[in-house]
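This is coords_25.json (JSON, C-alpha atoms).
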```json
[["chain", "number", "residue", "atom", "x", "y", "z"],
["A", 1, "MET", "CA", 0.00, 0.00, 0.00],
["A", 2, "PHE", "CA", 1.41, 3.37, -0.97],
["A", 3, "PRO", "CA", 1.10, 6.26, 1.45],
["A", 4, "GLU", "CA", -1.98, 8.11, 0.37],
["A", 5, "PHE", "CA", -3.00, 11.64, 1.19],
["A", 6, "GLU", "CA", -6.44, 13.24, 0.93],
["A", 7, "THR", "CA", -7.59, 16.82, 1.16],
["A", 8, "THR", "CA", -10.39, 19.17, 0.05],
["A", 9, "VAL", "CA", -9.72, 22.26, -2.08],
["A", 10, "LYS", "CA", -10.00, 25.33, 0.16],
["A", 11, "PRO", "CA", -11.53, 28.67, -0.95],
["A", 12, "GLU", "CA", -8.16, 30.44, -0.46],
["A", 13, "TRP", "CA", -6.52, 28.11, -3.00],
["A", 14, "ILE", "CA", -8.68, 29.48, -5.84],
["A", 15, "ASP", "CA", -7.30, 32.15, -8.18],
["A", 16, "TYR", "CA", -8.51, 34.89, -10.47],
["A", 17, "ASN", "CA", -9.57, 32.33, -13.09],
["A", 18, "GLY", "CA", -11.91, 30.60, -10.61],
["A", 19, "HIS", "CA", -9.84, 27.41, -10.34],
["A", 20, "MET", "CA", -7.04, 26.21, -8.06],
["A", 21, "ARG", "CA", -3.94, 28.36, -8.55],
["A", 22, "ASP", "CA", -0.92, 26.54, -10.03],
["A", 23, "SER", "CA", 1.20, 27.06, -6.92],
["A", 24, "ASN", "CA", -1.42, 25.40, -4.72],
["A", 25, "TYR", "CA", -1.08, 22.09, -6.56],
["A", 26, "GLY", "CA", 2.46, 22.26, -5.13],
["A", 27, "LEU", "CA", 1.06, 22.93, -1.67],
["A", 28, "VAL", "CA", -1.10, 19.79, -1.89],
["A", 29, "PHE", "CA", 1.90, 17.72, -3.05],
["A", 30, "SER", "CA", 3.97, 19.20, -0.23],
["A", 31, "LEU", "CA", 1.36, 18.07, 2.34],
["A", 32, "ALA", "CA", 1.41, 14.62, 0.71],
["A", 33, "VAL", "CA", 5.21, 14.49, 1.11],
["A", 34, "ASP", "CA", 4.69, 15.26, 4.82],
["A", 35, "ALA", "CA", 2.40, 12.21, 4.97],
["A", 36, "LEU", "CA", 5.06, 10.07, 3.26],
["A", 37, "GLN", "CA", 7.68, 11.33, 5.73],
["A", 38, "ASP", "CA", 5.44, 10.26, 8.60],
["A", 39, "ALA", "CA", 4.99, 6.84, 6.98],
["A", 40, "VAL", "CA", 8.74, 6.15, 6.63],
["A", 41, "GLY", "CA", 9.84, 7.59, 9.98],
["A", 42, "LEU", "CA", 11.03, 11.04, 8.90],
["A", 43, "ASP", "CA", 8.39, 12.46, 11.23],
["A", 44, "ALA", "CA", 8.38, 15.34, 13.73],
["A", 45, "THR", "CA", 9.94, 13.22, 16.48],
["A", 46, "TYR", "CA", 12.77, 12.18, 14.15],
["A", 47, "ARG", "CA", 13.32, 15.75, 13.00],
["A", 48, "GLU", "CA", 13.46, 17.02, 16.56],
["A", 49, "ARG", "CA", 15.74, 14.20, 17.78],
["A", 50, "THR", "CA", 18.25, 14.37, 14.90],
["A", 51, "GLY", "CA", 18.08, 17.98, 13.62],
["A", 52, "CYS", "CA", 17.66, 16.43, 10.18],
["A", 53, "THR", "CA", 14.87, 17.08, 7.75],
["A", 54, "ILE", "CA", 13.96, 16.91, 4.06],
["A", 55, "TYR", "CA", 14.60, 19.70, 1.56],
["A", 56, "LEU", "CA", 13.11, 19.77, -1.90],
["A", 57, "LEU", "CA", 15.78, 20.17, -4.60],
["A", 58, "GLU", "CA", 13.73, 20.07, -7.78],
["A", 59, "ASP", "CA", 10.21, 19.40, -9.05],
["A", 60, "HIS", "CA", 8.51, 19.02, -12.39],
["A", 61, "LYS", "CA", 4.73, 19.13, -12.56],
["A", 62, "PHE", "CA", 2.13, 18.60, -15.27],
["A", 63, "TYR", "CA", -1.20, 20.37, -14.75],
["A", 64, "LEU", "CA", -3.78, 18.20, -16.49],
["A", 65, "ARG", "CA", -7.18, 19.36, -15.23],
["A", 66, "GLU", "CA", -8.74, 22.37, -13.56],
["A", 67, "VAL", "CA", -9.71, 21.86, -9.92],
["A", 68, "LYS", "CA", -12.49, 23.80, -8.20],
["A", 69, "GLN", "CA", -13.28, 24.76, -4.62],
["A", 70, "GLY", "CA", -14.59, 21.85, -2.57],
["A", 71, "ASP", "CA", -13.15, 19.18, -4.87],
["A", 72, "ARG", "CA", -11.83, 16.17, -2.99],
["A", 73, "LEU", "CA", -8.24, 15.37, -3.99],
["A", 74, "ARG", "CA", -6.25, 12.20, -3.41],
["A", 75, "VAL", "CA", -2.47, 11.93, -3.88],
["A", 76, "LEU", "CA", -0.77, 8.59, -4.59],
["A", 77, "THR", "CA", 2.96, 8.46, -4.04],
["A", 78, "HIS", "CA", 5.50, 6.23, -5.75],
["A", 79, "VAL", "CA", 9.23, 6.08, -5.03],
["A", 80, "LEU", "CA", 11.25, 6.04, -8.27],
["A", 81, "GLY", "CA", 14.70, 5.90, -6.68],
["A", 82, "VAL", "CA", 16.65, 6.19, -3.45],
["A", 83, "ASP", "CA", 20.33, 6.88, -2.88],
["A", 84, "ASP", "CA", 22.30, 7.67, 0.24],
["A", 85, "LYS", "CA", 20.91, 11.15, 0.78],
["A", 86, "ARG", "CA", 18.19, 11.58, -1.79],
["A", 87, "PHE", "CA", 14.89, 10.10, -2.87],
["A", 88, "HIS", "CA", 12.98, 10.60, -6.07],
["A", 89, "LEU", "CA", 9.18, 10.67, -5.91],
["A", 90, "TYR", "CA", 6.46, 10.36, -8.50],
["A", 91, "MET", "CA", 3.08, 11.64, -7.31],
["A", 92, "VAL", "CA", -0.33, 11.44, -8.95],
["A", 93, "MET", "CA", -3.11, 13.77, -7.83],
["A", 94, "LYS", "CA", -6.62, 12.51, -8.57],
["A", 95, "ARG", "CA", -10.17, 13.78, -8.28],
["A", 96, "ASP", "CA", -12.34, 10.67, -8.22],
["A", 97, "GLN", "CA", -10.59, 8.49, -10.82],
["A", 98, "VAL", "CA", -9.38, 11.40, -12.96],
["A", 99, "GLU", "CA", -5.70, 12.46, -12.89],
["A", 100, "VAL", "CA", -5.58, 16.23, -12.38],
["A", 101, "CYS", "CA", -1.85, 16.76, -11.83],
["A", 102, "ILE", "CA", 1.32, 14.67, -11.94],
["A", 103, "GLY", "CA", 4.55, 15.70, -10.26],
["A", 104, "GLU", "CA", 8.08, 14.42, -9.90],
["A", 105, "PHE", "CA", 10.16, 15.49, -6.92],
["A", 106, "MET", "CA", 13.80, 15.15, -5.87],
["A", 107, "GLU", "CA", 14.17, 15.36, -2.10],
["A", 108, "MET", "CA", 17.33, 15.52, 0.03],
["A", 109, "HIS", "CA", 17.94, 14.50, 3.63],
["A", 110, "VAL", "CA", 19.53, 17.56, 5.26],
["A", 111, "ARG", "CA", 21.13, 18.32, 8.63],
["A", 112, "GLN", "CA", 20.31, 21.93, 9.37],
["A", 113, "HIS", "CA", 23.16, 22.86, 11.74],
["A", 114, "PRO", "CA", 25.60, 24.50, 11.75],
["A", 115, "SER", "CA", 24.53, 25.20, 8.17],
["A", 116, "PRO", "CA", 22.22, 23.00, 6.05],
["A", 117, "HIS", "CA", 24.06, 20.15, 4.33],
["A", 118, "GLY", "CA", 23.06, 16.85, 2.75],
["A", 119, "ILE", "CA", 23.68, 13.85, 5.00],
["A", 120, "SER", "CA", 23.07, 10.09, 4.69],
["A", 121, "MET", "CA", 19.69, 8.75, 5.78],
["A", 122, "PRO", "CA", 19.54, 6.01, 8.43],
["A", 123, "ARG", "CA", 19.49, 2.57, 6.85],
["A", 124, "GLU", "CA", 16.02, 1.65, 8.13],
["A", 125, "ILE", "CA", 14.50, 4.72, 6.54],
["A", 126, "ARG", "CA", 16.22, 4.04, 3.20],
["A", 127, "GLU", "CA", 14.89, 0.49, 3.40],
["A", 128, "ARG", "CA", 11.33, 1.68, 4.03],
["A", 129, "LEU", "CA", 11.59, 4.00, 1.02],
["A", 130, "MET", "CA", 13.11, 1.18, -1.06],
["A", 131, "ALA", "CA", 10.16, -1.05, -0.17],
["A", 132, "TYR", "CA", 7.88, 1.42, -1.95],
["A", 133, "HIS", "CA", 10.39, 1.51, -4.80],
["A", 134, "LYS", "CA", 10.10, -2.25, -5.26],
["A", 135, "ASN", "CA", 6.32, -1.99, -5.29],
["A", 136, "VAL", "CA", 6.39, 0.57, -8.04],
["A", 137, "GLU", "CA", 8.54, -1.64, -10.24],
["A", 138, "LYS", "CA", 5.97, -4.41, -9.95],
["A", 139, "ARG", "CA", 3.09, -2.10, -10.78],
["A", 140, "SER", "CA", 4.79, -0.30, -13.68],
["A", 141, "PRO", "CA", 2.07, 2.36, -14.04],
["A", 142, "PRO", "CA", 1.79, 4.40, -17.23],
["A", 143, "PHE", "CA", 4.16, 7.14, -16.20],
["A", 144, "ARG", "CA", 4.22, 10.70, -17.46],
["A", 145, "ARG", "CA", 7.86, 11.28, -16.55],
["A", 146, "SER", "CA", 10.01, 14.36, -16.13],
["A", 147, "ARG", "CA", 11.42, 15.30, -19.51],
["A", 148, "GLN", "CA", 12.76, 18.28, -21.30],
["A", 149, "ILE", "CA", 10.14, 21.01, -21.47],
["A", 150, "ARG", "CA", 10.43, 21.38, -25.21],
["A", 151, "SER", "CA", 7.43, 21.19, -27.47],
["A", 152, "ILE", "CA", 7.98, 24.47, -29.29],
["B", 1, "MET", "CA", 18.33, 38.57, -26.71],
["B", 2, "THR", "CA", 16.16, 39.96, -23.96],
["B", 3, "LEU", "CA", 16.46, 39.58, -20.26],
["B", 4, "LEU", "CA", 13.27, 40.90, -18.67],
["B", 5, "ASN", "CA", 13.60, 42.43, -15.21],
["B", 6, "LEU", "CA", 9.97, 43.00, -14.46],
["B", 7, "HIS", "CA", 9.16, 41.88, -10.96],
["B", 8, "ASN", "CA", 10.36, 42.35, -7.37],
["B", 9, "GLU", "CA", 8.52, 41.45, -4.20],
["B", 10, "PRO", "CA", 9.31, 40.91, -0.53],
["B", 11, "VAL", "CA", 9.05, 37.46, 1.08],
["B", 12, "ARG", "CA", 5.86, 37.31, 3.15],
["B", 13, "GLU", "CA", 5.84, 35.88, 6.65],
["B", 14, "GLU", "CA", 2.99, 33.51, 5.80],
["B", 15, "TRP", "CA", 5.26, 31.79, 3.23],
["B", 16, "LEU", "CA", 7.75, 30.71, 5.88],
["B", 17, "ASP", "CA", 7.91, 27.21, 7.31],
["B", 18, "ALA", "CA", 8.91, 25.95, 10.74],
["B", 19, "TYR", "CA", 12.59, 26.50, 9.83],
["B", 20, "GLY", "CA", 12.00, 30.19, 9.16],
["B", 21, "HIS", "CA", 12.76, 29.93, 5.47],
["B", 22, "LEU", "CA", 10.64, 30.18, 2.35],
["B", 23, "ASN", "CA", 8.62, 26.97, 2.14],
["B", 24, "GLU", "CA", 9.05, 24.93, -1.04],
["B", 25, "ALA", "CA", 5.36, 25.18, -1.91],
["B", 26, "TYR", "CA", 5.55, 29.00, -2.01],
["B", 27, "TYR", "CA", 8.43, 29.47, -4.48],
["B", 28, "LEU", "CA", 5.82, 29.18, -7.20],
["B", 29, "VAL", "CA", 3.80, 32.10, -5.76],
["B", 30, "PRO", "CA", 6.30, 34.89, -6.59],
["B", 31, "PHE", "CA", 7.04, 33.07, -9.86],
["B", 32, "SER", "CA", 3.33, 33.03, -10.62],
["B", 33, "ASN", "CA", 3.09, 36.73, -9.70],
["B", 34, "ALA", "CA", 6.00, 37.39, -12.07],
["B", 35, "THR", "CA", 4.08, 35.54, -14.80],
["B", 36, "TRP", "CA", 1.17, 37.96, -14.36],
["B", 37, "VAL", "CA", 3.61, 40.88, -14.79],
["B", 38, "LEU", "CA", 5.13, 39.15, -17.83],
["B", 39, "GLN", "CA", 1.63, 38.78, -19.29],
["B", 40, "GLU", "CA", 0.98, 42.51, -18.73],
["B", 41, "HIS", "CA", 4.28, 43.27, -20.47],
["B", 42, "PHE", "CA", 3.09, 41.42, -23.58],
["B", 43, "GLY", "CA", -0.47, 42.79, -23.39],
["B", 44, "ILE", "CA", -2.11, 39.55, -22.29],
["B", 45, "GLY", "CA", -2.74, 40.34, -18.61],
["B", 46, "VAL", "CA", -5.82, 41.15, -16.56],
["B", 47, "PRO", "CA", -7.31, 43.90, -18.82],
["B", 48, "TYR", "CA", -6.88, 41.53, -21.80],
["B", 49, "PHE", "CA", -8.66, 38.76, -19.88],
["B", 50, "GLU", "CA", -11.51, 41.10, -18.97],
["B", 51, "GLU", "CA", -11.88, 42.26, -22.57],
["B", 52, "THR", "CA", -11.47, 38.94, -24.42],
["B", 53, "GLY", "CA", -12.10, 36.20, -21.83],
["B", 54, "CYS", "CA", -8.74, 34.71, -22.80],
["B", 55, "ALA", "CA", -6.36, 33.59, -20.07],
["B", 56, "ILE", "CA", -2.92, 32.05, -19.80],
["B", 57, "TYR", "CA", -3.10, 28.61, -18.19],
["B", 58, "THR", "CA", 0.00, 26.87, -16.82],
["B", 59, "VAL", "CA", 0.33, 23.29, -18.05],
["B", 60, "GLU", "CA", 3.84, 22.42, -16.90],
["B", 61, "THR", "CA", 6.36, 23.75, -14.36],
["B", 62, "HIS", "CA", 9.88, 22.62, -13.52],
["B", 63, "LEU", "CA", 11.52, 24.27, -10.53],
["B", 64, "ARG", "CA", 15.00, 23.90, -9.06],
["B", 65, "TYR", "CA", 15.40, 24.95, -5.43],
["B", 66, "LEU", "CA", 19.01, 26.11, -5.20],
["B", 67, "LYS", "CA", 19.34, 28.15, -2.04],
["B", 68, "GLU", "CA", 17.37, 28.77, 1.13],
["B", 69, "VAL", "CA", 15.55, 32.10, 1.27],
["B", 70, "ARG", "CA", 15.25, 33.63, 4.72],
["B", 71, "PHE", "CA", 13.02, 36.38, 6.02],
["B", 72, "PRO", "CA", 13.25, 39.31, 5.40],
["B", 73, "ALA", "CA", 14.32, 39.37, 1.76],
["B", 74, "ILE", "CA", 13.43, 41.04, -1.51],
["B", 75, "LEU", "CA", 12.97, 38.56, -4.33],
["B", 76, "HIS", "CA", 14.11, 39.76, -7.69],
["B", 77, "ILE", "CA", 12.63, 37.82, -10.61],
["B", 78, "GLU", "CA", 14.36, 37.76, -13.98],
["B", 79, "SER", "CA", 12.39, 36.36, -16.93],
["B", 80, "MET", "CA", 13.33, 34.95, -20.32],
["B", 81, "ILE", "CA", 11.16, 33.86, -23.23],
["B", 82, "LEU", "CA", 12.37, 30.54, -24.66],
["B", 83, "GLY", "CA", 9.83, 29.87, -27.38],
["B", 84, "VAL", "CA", 6.41, 30.69, -28.70],
["B", 85, "GLU", "CA", 3.79, 28.97, -30.83],
["B", 86, "SER", "CA", 0.35, 30.32, -31.71],
["B", 87, "ARG", "CA", -1.16, 28.83, -28.53],
["B", 88, "LYS", "CA", 1.85, 28.22, -26.29],
["B", 89, "ILE", "CA", 4.50, 30.22, -24.45],
["B", 90, "TRP", "CA", 7.64, 28.58, -23.07],
["B", 91, "PHE", "CA", 9.59, 30.73, -20.62],
["B", 92, "THR", "CA", 11.70, 30.81, -17.46],
["B", 93, "HIS", "CA", 11.98, 32.83, -14.28],
["B", 94, "ARG", "CA", 15.11, 33.08, -12.12],
["B", 95, "MET", "CA", 14.75, 34.09, -8.47],
["B", 96, "LEU", "CA", 17.60, 36.17, -7.02],
["B", 97, "VAL", "CA", 18.21, 37.58, -3.55],
["B", 98, "ASN", "CA", 21.05, 40.12, -3.41],
["B", 99, "ASP", "CA", 22.23, 38.91, -6.82],
["B", 100, "GLU", "CA", 22.41, 35.31, -5.63],
["B", 101, "GLU", "CA", 20.41, 32.74, -7.60],
["B", 102, "CYS", "CA", 17.98, 30.96, -5.24],
["B", 103, "ALA", "CA", 15.69, 29.15, -7.67],
["B", 104, "THR", "CA", 14.92, 28.69, -11.33],
["B", 105, "GLY", "CA", 11.61, 27.82, -12.95],
["B", 106, "GLU", "CA", 10.73, 26.66, -16.42],
["B", 107, "PHE", "CA", 7.13, 26.99, -17.59],
["B", 108, "MET", "CA", 4.81, 26.00, -20.42],
["B", 109, "THR", "CA", 1.52, 27.85, -20.75],
["B", 110, "LEU", "CA", -1.51, 27.62, -23.01],
["B", 111, "HIS", "CA", -3.65, 30.49, -24.28],
["B", 112, "PHE", "CA", -7.17, 29.49, -23.24],
["B", 113, "ASP", "CA", -10.46, 31.07, -24.29],
["B", 114, "THR", "CA", -12.56, 30.77, -21.13],
["B", 115, "ARG", "CA", -15.75, 31.82, -22.99],
["B", 116, "ASP", "CA", -15.40, 29.02, -25.55],
["B", 117, "GLY", "CA", -13.81, 26.67, -23.05],
["B", 118, "ARG", "CA", -10.92, 25.76, -25.34],
["B", 119, "VAL", "CA", -7.36, 26.57, -26.30],
["B", 120, "SER", "CA", -7.14, 29.36, -28.88],
["B", 121, "PRO", "CA", -4.39, 31.16, -30.86],
["B", 122, "MET", "CA", -2.94, 34.42, -29.57],
["B", 123, "HIS", "CA", -3.07, 37.57, -31.67],
["B", 124, "LYS", "CA", -0.35, 37.86, -34.33],
["B", 125, "THR", "CA", 1.14, 41.03, -32.80],
["B", 126, "VAL", "CA", 1.47, 39.29, -29.41],
["B", 127, "ILE", "CA", 3.15, 36.29, -31.03],
["B", 128, "GLU", "CA", 5.57, 38.56, -32.90],
["B", 129, "HIS", "CA", 6.40, 40.54, -29.78],
["B", 130, "LEU", "CA", 7.09, 37.28, -27.89],
["B", 131, "GLN", "CA", 9.15, 35.90, -30.77],
["B", 132, "SER", "CA", 11.32, 39.01, -30.91],
["B", 133, "SER", "CA", 11.98, 38.59, -27.17],
["B", 134, "ILE", "CA", 13.32, 35.01, -27.28],
["B", 135, "ILE", "CA", 16.58, 34.73, -25.34],
["B", 136, "ASP", "CA", 19.79, 33.63, -27.06],
["B", 137, "PRO", "CA", 21.72, 31.68, -25.94],
["B", 138, "PHE", "CA", 19.50, 29.63, -23.60],
["B", 139, "PRO", "CA", 20.68, 29.22, -19.99],
["B", 140, "ASN", "CA", 22.44, 25.84, -19.63],
["B", 141, "TRP", "CA", 19.90, 24.54, -17.08],
["B", 142, "VAL", "CA", 16.96, 24.76, -19.46],
["B", 143, "GLY", "CA", 15.42, 21.49, -20.65],
["B", 144, "ARG", "CA", 16.94, 19.15, -18.07],
["B", 145, "LYS", "CA", 15.01, 16.29, -16.55],
["B", 146, "ILE", "CA", 14.94, 15.09, -12.94],
["B", 147, "LYS", "CA", 17.05, 12.03, -12.22],
["B", 148, "LEU", "CA", 19.29, 10.26, -9.75],
["B", 149, "LYS", "CA", 22.54, 8.85, -11.16],
["B", 150, "GLN", "CA", 21.11, 5.35, -10.74],
["B", 151, "ASP", "CA", 17.75, 6.09, -12.44]]
```
Taking this structure as input, can you express it in the form of structure tokens?
Amino acid sequence: MFPEFETTVKPEWIDYNGHMRDSNYGLVFSLAVDALQDAVGLDATYRERTGCTIYLLEDHKFYLREVKQGDRLRVLTHVLGVDDKRFHLYMVMKRDQVEVCIGEFMEMHVRQHPSPHGISMPREIRERLMAYHKNVEKRSPPFRRSRQIRSI
Amino acid sequence: MTLLNLHNEPVREEWLDAYGHLNEAYYLVPFSNATWVLQEHFGIGVPYFEETGCAIYTVETHLRYLKEVRFPAILHIESMILGVESRKIWFTHRMLVNDEECATGEFMTLHFDTRDGRVSPMHKTVIEHLQSSIIDPFPNWVGRKIKLKQD
């Protein structure tokens, strides 16, 4: 079972065009990453105990459908890869069965003091992330993957 | 070759996370605000929307988060047009604080007629203005994809 996150589109997430603002798709994904962190042990207790946390390095999102206030959104998370310090996520945002946004994220495990720097994740956390990675290989969903933005 | 320096704005306190720095989810907000200013620059902003019902919809974004941004700070956004088709604009924003690059964003947008509910071509003069503004050479980070070495 992949960590799943659900939320409802809030009035303050709507923009001038009457649909969810582009940046708020990112907010929903960010909340879903929090849920994943909790699932693999990178939770508040861990962060407080170790002074380590997760920083986002890069993301690439495809906005497929408009989303309106009150819509119920579900985010499914897949792990595409894990190395010592980093993990690579593929997230699908759905309203009912319809994909509304797809995003790919590169995250880094960071110790914040004395100044933020990438640092190896504990083995058990890497293993938990890898377990999701194995699942995704078995499922081989029809991925819309990060690519060059170049259609012009 | 045109580098567009169109937008500056201060970091807002409500964009900060528990670490006191700009939260990842909010980098796109000043970028999105800069896109509105970019649209105004090319005559396809709010007055254009009100007159024609046509809007610019974002279909793809690719951001790189390069440096932490702490409060208080003034974000300076630099914009470059990379390409244009009758219905599409491909462009970038760079976010700088005190001349230091903190983030880059690459965007693809569609020109959407909200009255007809479908994608529609932009006016020829807008297309020409955008075409004459295409940056050359491209920054070297444009067009990359996300990957780990092992991917």
Show me a table, sorted first by chain and then by increasing residue number, of the residues of segment 41-108 of chain B having an atom at most 12 Å from segment 55-71 of chain A, each with its shortest atom pair and the distance in Å to one decimal, counting all atoms listed in the file and written as CSV.
```
residue,atom,partner,partner_atom,distance
B:Tyr57,CA,A:Tyr63,CA,9.1
B:Thr58,CA,A:Tyr63,CA,6.9
B:Val59,CA,A:Tyr63,CA,4.7
B:Glu60,CA,A:Phe62,CA,4.5
B:Thr61,CA,A:Lys61,CA,5.2
B:His62,CA,A:His60,CA,4.0
B:Leu63,CA,A:Asp59,CA,5.3
B:Arg64,CA,A:Glu58,CA,4.2
B:Tyr65,CA,A:Leu57,CA,4.9
B:Leu66,CA,A:Leu57,CA,6.8
B:Lys67,CA,A:Leu57,CA,9.1
B:Glu68,CA,A:Tyr55,CA,9.5
B:Cys102,CA,A:Leu57,CA,11.0
B:Ala103,CA,A:Glu58,CA,9.3
B:Thr104,CA,A:Glu58,CA,9.4
B:Gly105,CA,A:His60,CA,9.3
B:Glu106,CA,A:His60,CA,8.9
B:Phe107,CA,A:His60,CA,9.6
B:Met108,CA,A:Phe62,CA,9.4
```
Handout entry: Given all atoms listed in the file as the counted atoms, nearest of A:Glu127, A:Asp96, A:Glu107, A:Asp38 to chain B
Key =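 The closest residue to chain B is A:Glu107.
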Exercise for the section: Compute the set of chain A residues within 10 Å of chain B, using only C-alpha atoms, and express it as a VMD selection string. Expected result: chain A and resid 16 to 17 21 to 31 53 55 to 66 80 to 83 86 to 88 101 to 106 112 116 145 to 152
Exercise for the section: Please indicate the distance in Å from atom CA of Ile135 of chain B to atom CA of Thr92 of chain B, rounded to one decimal place. Expected result: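 Atom CA of Ile135 of chain B sits 10.1 Å away from atom CA of Thr92 of chain B.
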Box in all listed atoms of segment 28-36 of chain B, axis-aligned, with 4 Å more on each side; write out centre and edge lengths in Å to one decimal as JSON.
```
{"center_x": 4.1, "center_y": 33.6, "center_z": -10.3, "size_x": 13.9, "size_y": 16.8, "size_z": 17.0}
```
Fill in the blank from the handout: Students should find that atom CA of Asp84 of chain A and atom CA of Tyr46 of chain A are spaced 17.5 Å
Exercise for the section: Write out as a list in words which residues come within 7 Å of Val75 of chain A when counting only C-alpha atoms, dropping same-chain ones fewer than 6 positions away. Expected result: Glu4, Phe5, Glu6, Ala32, Met91, Val92, Met93 and Lys94 of chain A
Exercise for the section: Enter the distance from atom CA of Glu78 of chain B to atom CA of Glu51 of chain B, in Å, rounded to one decimal. Expected result: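 Separation between atom CA of Glu78 of chain B and atom CA of Glu51 of chain B: 28.0 Å.
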Practice task
Select, from B:Phe138, B:Tyr48, B:Trp36, B:Phe71, the residue with the minimum atom-to-atom distance to Asp113 of chain B, counting all atoms listed in the file.
Solution key: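 Closest to Asp113 of chain B, using all atoms listed in the file: B:Tyr48.
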